[in-house]
Amino acid sequence: MLKLIDGIGELYKKVASSVPPDVEKAIAGACEAEPPESTGRSALTALVDRMRTARSLKKSVCSDAGIPVFWIKIPRGLSQNEIGEIVIEGTKAAAKKLGFHAEGVLESLLNSPAPTEGYPIIYFEESEGTSLVIDLLLNGADCENAGRLFTLTEGGLTAAGVILPRGYDAIAGCIEETVAAAEGKVCFPLIVGVGVGSSREQVVALSKRQLMRKLSDVNPDEDNPIHEFENQVLMKINGSPDNHGLRTAIIGLKMAAAPIHPASLFVDVTISCWALRRGRLIWS
């Protein structure tokens, strides 16, 4: 298990210095959609060049390396405490070695008084498999600050907690408001994660988890209205005349809903700038 520390370090370096292929492809497509010689085309061309340079030189793709969040699927029989300690030590070692954080930020993170609740953030899930599956997300502080939590109190639910059309309209309003407010705070285009449920901590974790999904990932349940809803909101925002200087303001929108109590509806919107940094390590 000691070599797992090195694996964590390599995962951290890869994620911090590269944007996933599906996101890079979407940004390149958004660039091509901009008129030639336009400000939008120039801005997105610069992002494409920046992604390639960061990956080639193994440098951080964003000036803010963010706070690491891990989702770990752990096989039965392995010690959650032991794996957690290895992930914490591997992350701290990588952060100090790679120099992706500003010195003051690194000092603050590494001196967290409660490692299990500070740096990094770790979620565990027991797995029936035989491999340790470790997903890592790095989301910058500006993006974290741009996210929003909403409480919807106007009856958008049935008595069984099913979202009604007016409920979806209200959720769409939350997303549109969050994206509009991000102007000048984060770098566009954006990827948006949305969590819907009945408790605050539940929806915050759920919305951030959506950023780990590939942009092509869709809900396999044809009767689930969420996929159609995602597309409608994405198209509406990208079709707005005031579109943050780009034809494509958001390149991805993913939403998930937990079981909902009919008297409590929370919506959390998590924002990632174009530099969505996620990756996976499978350890056998």
# chains A, B, ... in the order shown; residues from 1 in each chain; ligands from 1
call {"tool": "residues_around", "arguments": {"residues": "A:Gly77", "least_positions_apart": "2", "cutoff": "10 Å", "atoms": "only C-alpha atoms", "output": "short mmCIF file (atom, residue, chain, number, x, y, z; two decimals) with N, CA and C atoms, in the first residue's frame"}}
result
data_model
loop_
_atom_site.label_atom_id
_atom_site.label_comp_id
_atom_site.auth_asym_id
_atom_site.auth_seq_id
_atom_site.Cartn_x
_atom_site.Cartn_y
_atom_site.Cartn_z
N ILE A 74 -14.08 1.64 -2.23
CA ILE A 74 -13.13 0.77 -1.52
C ILE A 74 -13.69 -0.64 -1.39
N PRO A 75 -12.93 -1.66 -1.83
CA PRO A 75 -13.41 -3.04 -1.72
C PRO A 75 -13.55 -3.47 -0.26
N SER A 79 -9.03 -1.36 4.88
CA SER A 79 -9.26 -0.42 5.96
C SER A 79 -9.50 0.98 5.41
N GLN A 80 -10.69 1.53 5.70
CA GLN A 80 -11.00 2.88 5.26
C GLN A 80 -10.04 3.88 5.90
N GLU A 126 -18.34 1.81 -0.14
CA GLU A 126 -17.91 0.41 -0.21
C GLU A 126 -18.28 -0.19 -1.56
N THR A 130 -12.86 -5.61 -6.74
CA THR A 130 -11.58 -5.96 -6.10
C THR A 130 -10.55 -4.85 -6.23
#
call {"tool": "residues_around", "arguments": {"residues": "A:Ala146", "least_positions_apart": "2", "cutoff": "10 Å", "atoms": "only C-alpha atoms", "output": "PyMOL selection string"}}
result
chain A and resi 141-144+148+178-183+185-186+269-273
call {"tool": "write_last_selection", "arguments": {"atoms": "C-alpha atoms", "output": "mmCIF file, in the first residue's frame"}}
result
data_model
loop_
_atom_site.group_PDB
_atom_site.id
_atom_site.type_symbol
_atom_site.label_atom_id
_atom_site.label_comp_id
_atom_site.auth_asym_id
_atom_site.auth_seq_id
_atom_site.Cartn_x
_atom_site.Cartn_y
_atom_site.Cartn_z
ATOM 1 C CA ALA A 141 -11.837 28.895 -5.005
ATOM 2 C CA ASP A 142 -13.357 31.372 -7.473
ATOM 3 C CA CYS A 143 -15.575 28.610 -8.842
ATOM 4 C CA GLU A 144 -16.546 27.554 -5.319
ATOM 5 C CA ARG A 148 -25.132 28.903 -4.950
ATOM 6 C CA THR A 178 -26.047 31.418 -10.864
ATOM 7 C CA VAL A 179 -24.500 31.503 -14.349
ATOM 8 C CA ALA A 180 -25.435 35.166 -14.812
ATOM 9 C CA ALA A 181 -23.918 36.098 -11.438
ATOM 10 C CA ALA A 182 -20.657 34.320 -12.348
ATOM 11 C CA GLU A 183 -19.873 37.002 -14.937
ATOM 12 C CA LYS A 185 -15.887 36.117 -11.245
ATOM 13 C CA VAL A 186 -14.825 33.023 -13.183
ATOM 14 C CA VAL A 269 -25.542 24.780 -8.299
ATOM 15 C CA THR A 270 -21.803 24.084 -8.515
ATOM 16 C CA ILE A 271 -19.742 25.976 -11.054
ATOM 17 C CA SER A 272 -16.530 24.941 -12.783
ATOM 18 C CA CYS A 273 -14.709 27.259 -15.132
#
call {"tool": "residues_around", "arguments": {"residues": "A:Phe124", "least_positions_apart": "5", "cutoff": "9 Å", "atoms": "only C-alpha atoms", "output": "list in words"}}
result
Phe70, Trp71, Ile72, Lys73, Ile74, Gln80 and Gly84 of chain A
call {"tool": "select_by_dssp", "arguments": {"residues": "stretch 66-150 of chain A", "states": "strand (DSSP E or B)", "output": "number ranges by chain"}}
result
A: 67-75, 121-127, 132-139, 148-150
call {"tool": "residues_around", "arguments": {"residues": "stretch 195-200 of chain A", "least_positions_apart": "5", "cutoff": "6 Å", "atoms": "only C-alpha atoms", "output": "PDB file with N, CA and C atoms, in the first residue's frame"}}
result
ATOM      1  N   LEU A 206     -24.030  16.382  -3.870  1.00  0.00           N
ATOM      2  CA  LEU A 206     -24.566  15.805  -5.103  1.00  0.00           C
ATOM      3  C   LEU A 206     -24.222  16.669  -6.310  1.00  0.00           C
ATOM      4  N   SER A 207     -24.338  17.980  -6.166  1.00  0.00           N
ATOM      5  CA  SER A 207     -24.060  18.860  -7.304  1.00  0.00           C
ATOM      6  C   SER A 207     -22.591  18.812  -7.698  1.00  0.00           C
ATOM      7  N   MET A 255     -27.273  17.295 -13.987  1.00  0.00           N
ATOM      8  CA  MET A 255     -28.108  17.396 -12.797  1.00  0.00           C
ATOM      9  C   MET A 255     -28.476  16.015 -12.286  1.00  0.00           C
ATOM     10  N   ALA A 256     -28.601  15.900 -10.980  1.00  0.00           N
ATOM     11  CA  ALA A 256     -29.072  14.668 -10.353  1.00  0.00           C
ATOM     12  C   ALA A 256     -30.008  15.035  -9.218  1.00  0.00           C
ATOM     13  N   ALA A 257     -31.009  14.189  -8.991  1.00  0.00           N
ATOM     14  CA  ALA A 257     -31.984  14.436  -7.931  1.00  0.00           C
ATOM     15  C   ALA A 257     -32.019  13.256  -6.974  1.00  0.00           C
ATOM     16  N   ALA A 258     -31.928  13.551  -5.694  1.00  0.00           N
ATOM     17  CA  ALA A 258     -32.099  12.547  -4.659  1.00  0.00           C
ATOM     18  C   ALA A 258     -33.593  12.422  -4.343  1.00  0.00           C
ATOM     19  N   ILE A 260     -36.955  13.143  -2.724  1.00  0.00           N
ATOM     20  CA  ILE A 260     -37.328  14.469  -2.231  1.00  0.00           C
ATOM     21  C   ILE A 260     -38.534  14.393  -1.309  1.00  0.00           C
ATOM     22  N   HIS A 261     -38.402  14.996  -0.139  1.00  0.00           N
ATOM     23  CA  HIS A 261     -39.535  15.167   0.777  1.00  0.00           C
ATOM     24  C   HIS A 261     -40.427  16.269   0.213  1.00  0.00           C
ATOM     25  N   SER A 264     -39.787  19.931   1.405  1.00  0.00           N
ATOM     26  CA  SER A 264     -38.438  20.502   1.464  1.00  0.00           C
ATOM     27  C   SER A 264     -37.730  20.298   0.136  1.00  0.00           C
ATOM     28  N   LEU A 265     -37.406  21.379  -0.537  1.00  0.00           N
ATOM     29  CA  LEU A 265     -36.739  21.289  -1.836  1.00  0.00           C
ATOM     30  C   LEU A 265     -35.553  22.247  -1.870  1.00  0.00           C
ATOM     31  N   PHE A 266     -34.347  21.672  -1.906  1.00  0.00           N
ATOM     32  CA  PHE A 266     -33.126  22.457  -2.026  1.00  0.00           C
ATOM     33  C   PHE A 266     -32.495  22.207  -3.386  1.00  0.00           C
ATOM     34  N   VAL A 267     -31.889  23.252  -3.924  1.00  0.00           N
ATOM     35  CA  VAL A 267     -31.167  23.156  -5.190  1.00  0.00           C
ATOM     36  C   VAL A 267     -29.787  23.766  -4.987  1.00  0.00           C
ATOM     37  N   ASP A 268     -28.750  22.983  -5.292  1.00  0.00           N
ATOM     38  CA  ASP A 268     -27.394  23.517  -5.234  1.00  0.00           C
ATOM     39  C   ASP A 268     -26.800  23.517  -6.634  1.00  0.00           C
TER      40      ASP A 268
END
call {"tool": "atom_distance", "arguments": {"atom1": "atom CA of A:Ser42", "atom2": "atom CA of A:Glu176"}}
result
25.5 Å
call {"tool": "atom_distance", "arguments": {"atom1": "atom CA of A:Leu98", "atom2": "atom CA of A:Lys13"}}
result
7.3 Å
call {"tool": "closest_residue", "arguments": {"among": "A:Arg280, A:Lys25, A:Val19, A:Phe229", "to": "A:Pro165", "atoms": "only C-alpha atoms"}}
result
A:Phe229
call {"tool": "select_by_dssp", "arguments": {"residues": "stretch 62-225 of chain A", "states": "alpha helix (DSSP H)", "output": "ChimeraX atom specification"}}
result
/A:80-98,103-110,141-146,165-181,200-209
call {"tool": "residues_around", "arguments": {"residues": "A:Lys97", "least_positions_apart": "4", "cutoff": "12 Å", "atoms": "only C-alpha atoms", "output": "list in words"}}
result
Asp6, Gly9, Glu10, Tyr12, Lys13, Gly90, Thr91, Lys92, Ala93, His101, Glu103 and Leu106 of chain A
call {"tool": "closest_residue", "arguments": {"among": "A:Arg278, A:Arg50, A:Arg166, A:Lys59", "to": "A:Gly99", "atoms": "only C-alpha atoms"}}
result
A:Lys59
call {"tool": "atom_distance", "arguments": {"atom1": "atom CA of A:Gln202", "atom2": "atom CA of A:Ile163"}}
result
17.1 Å
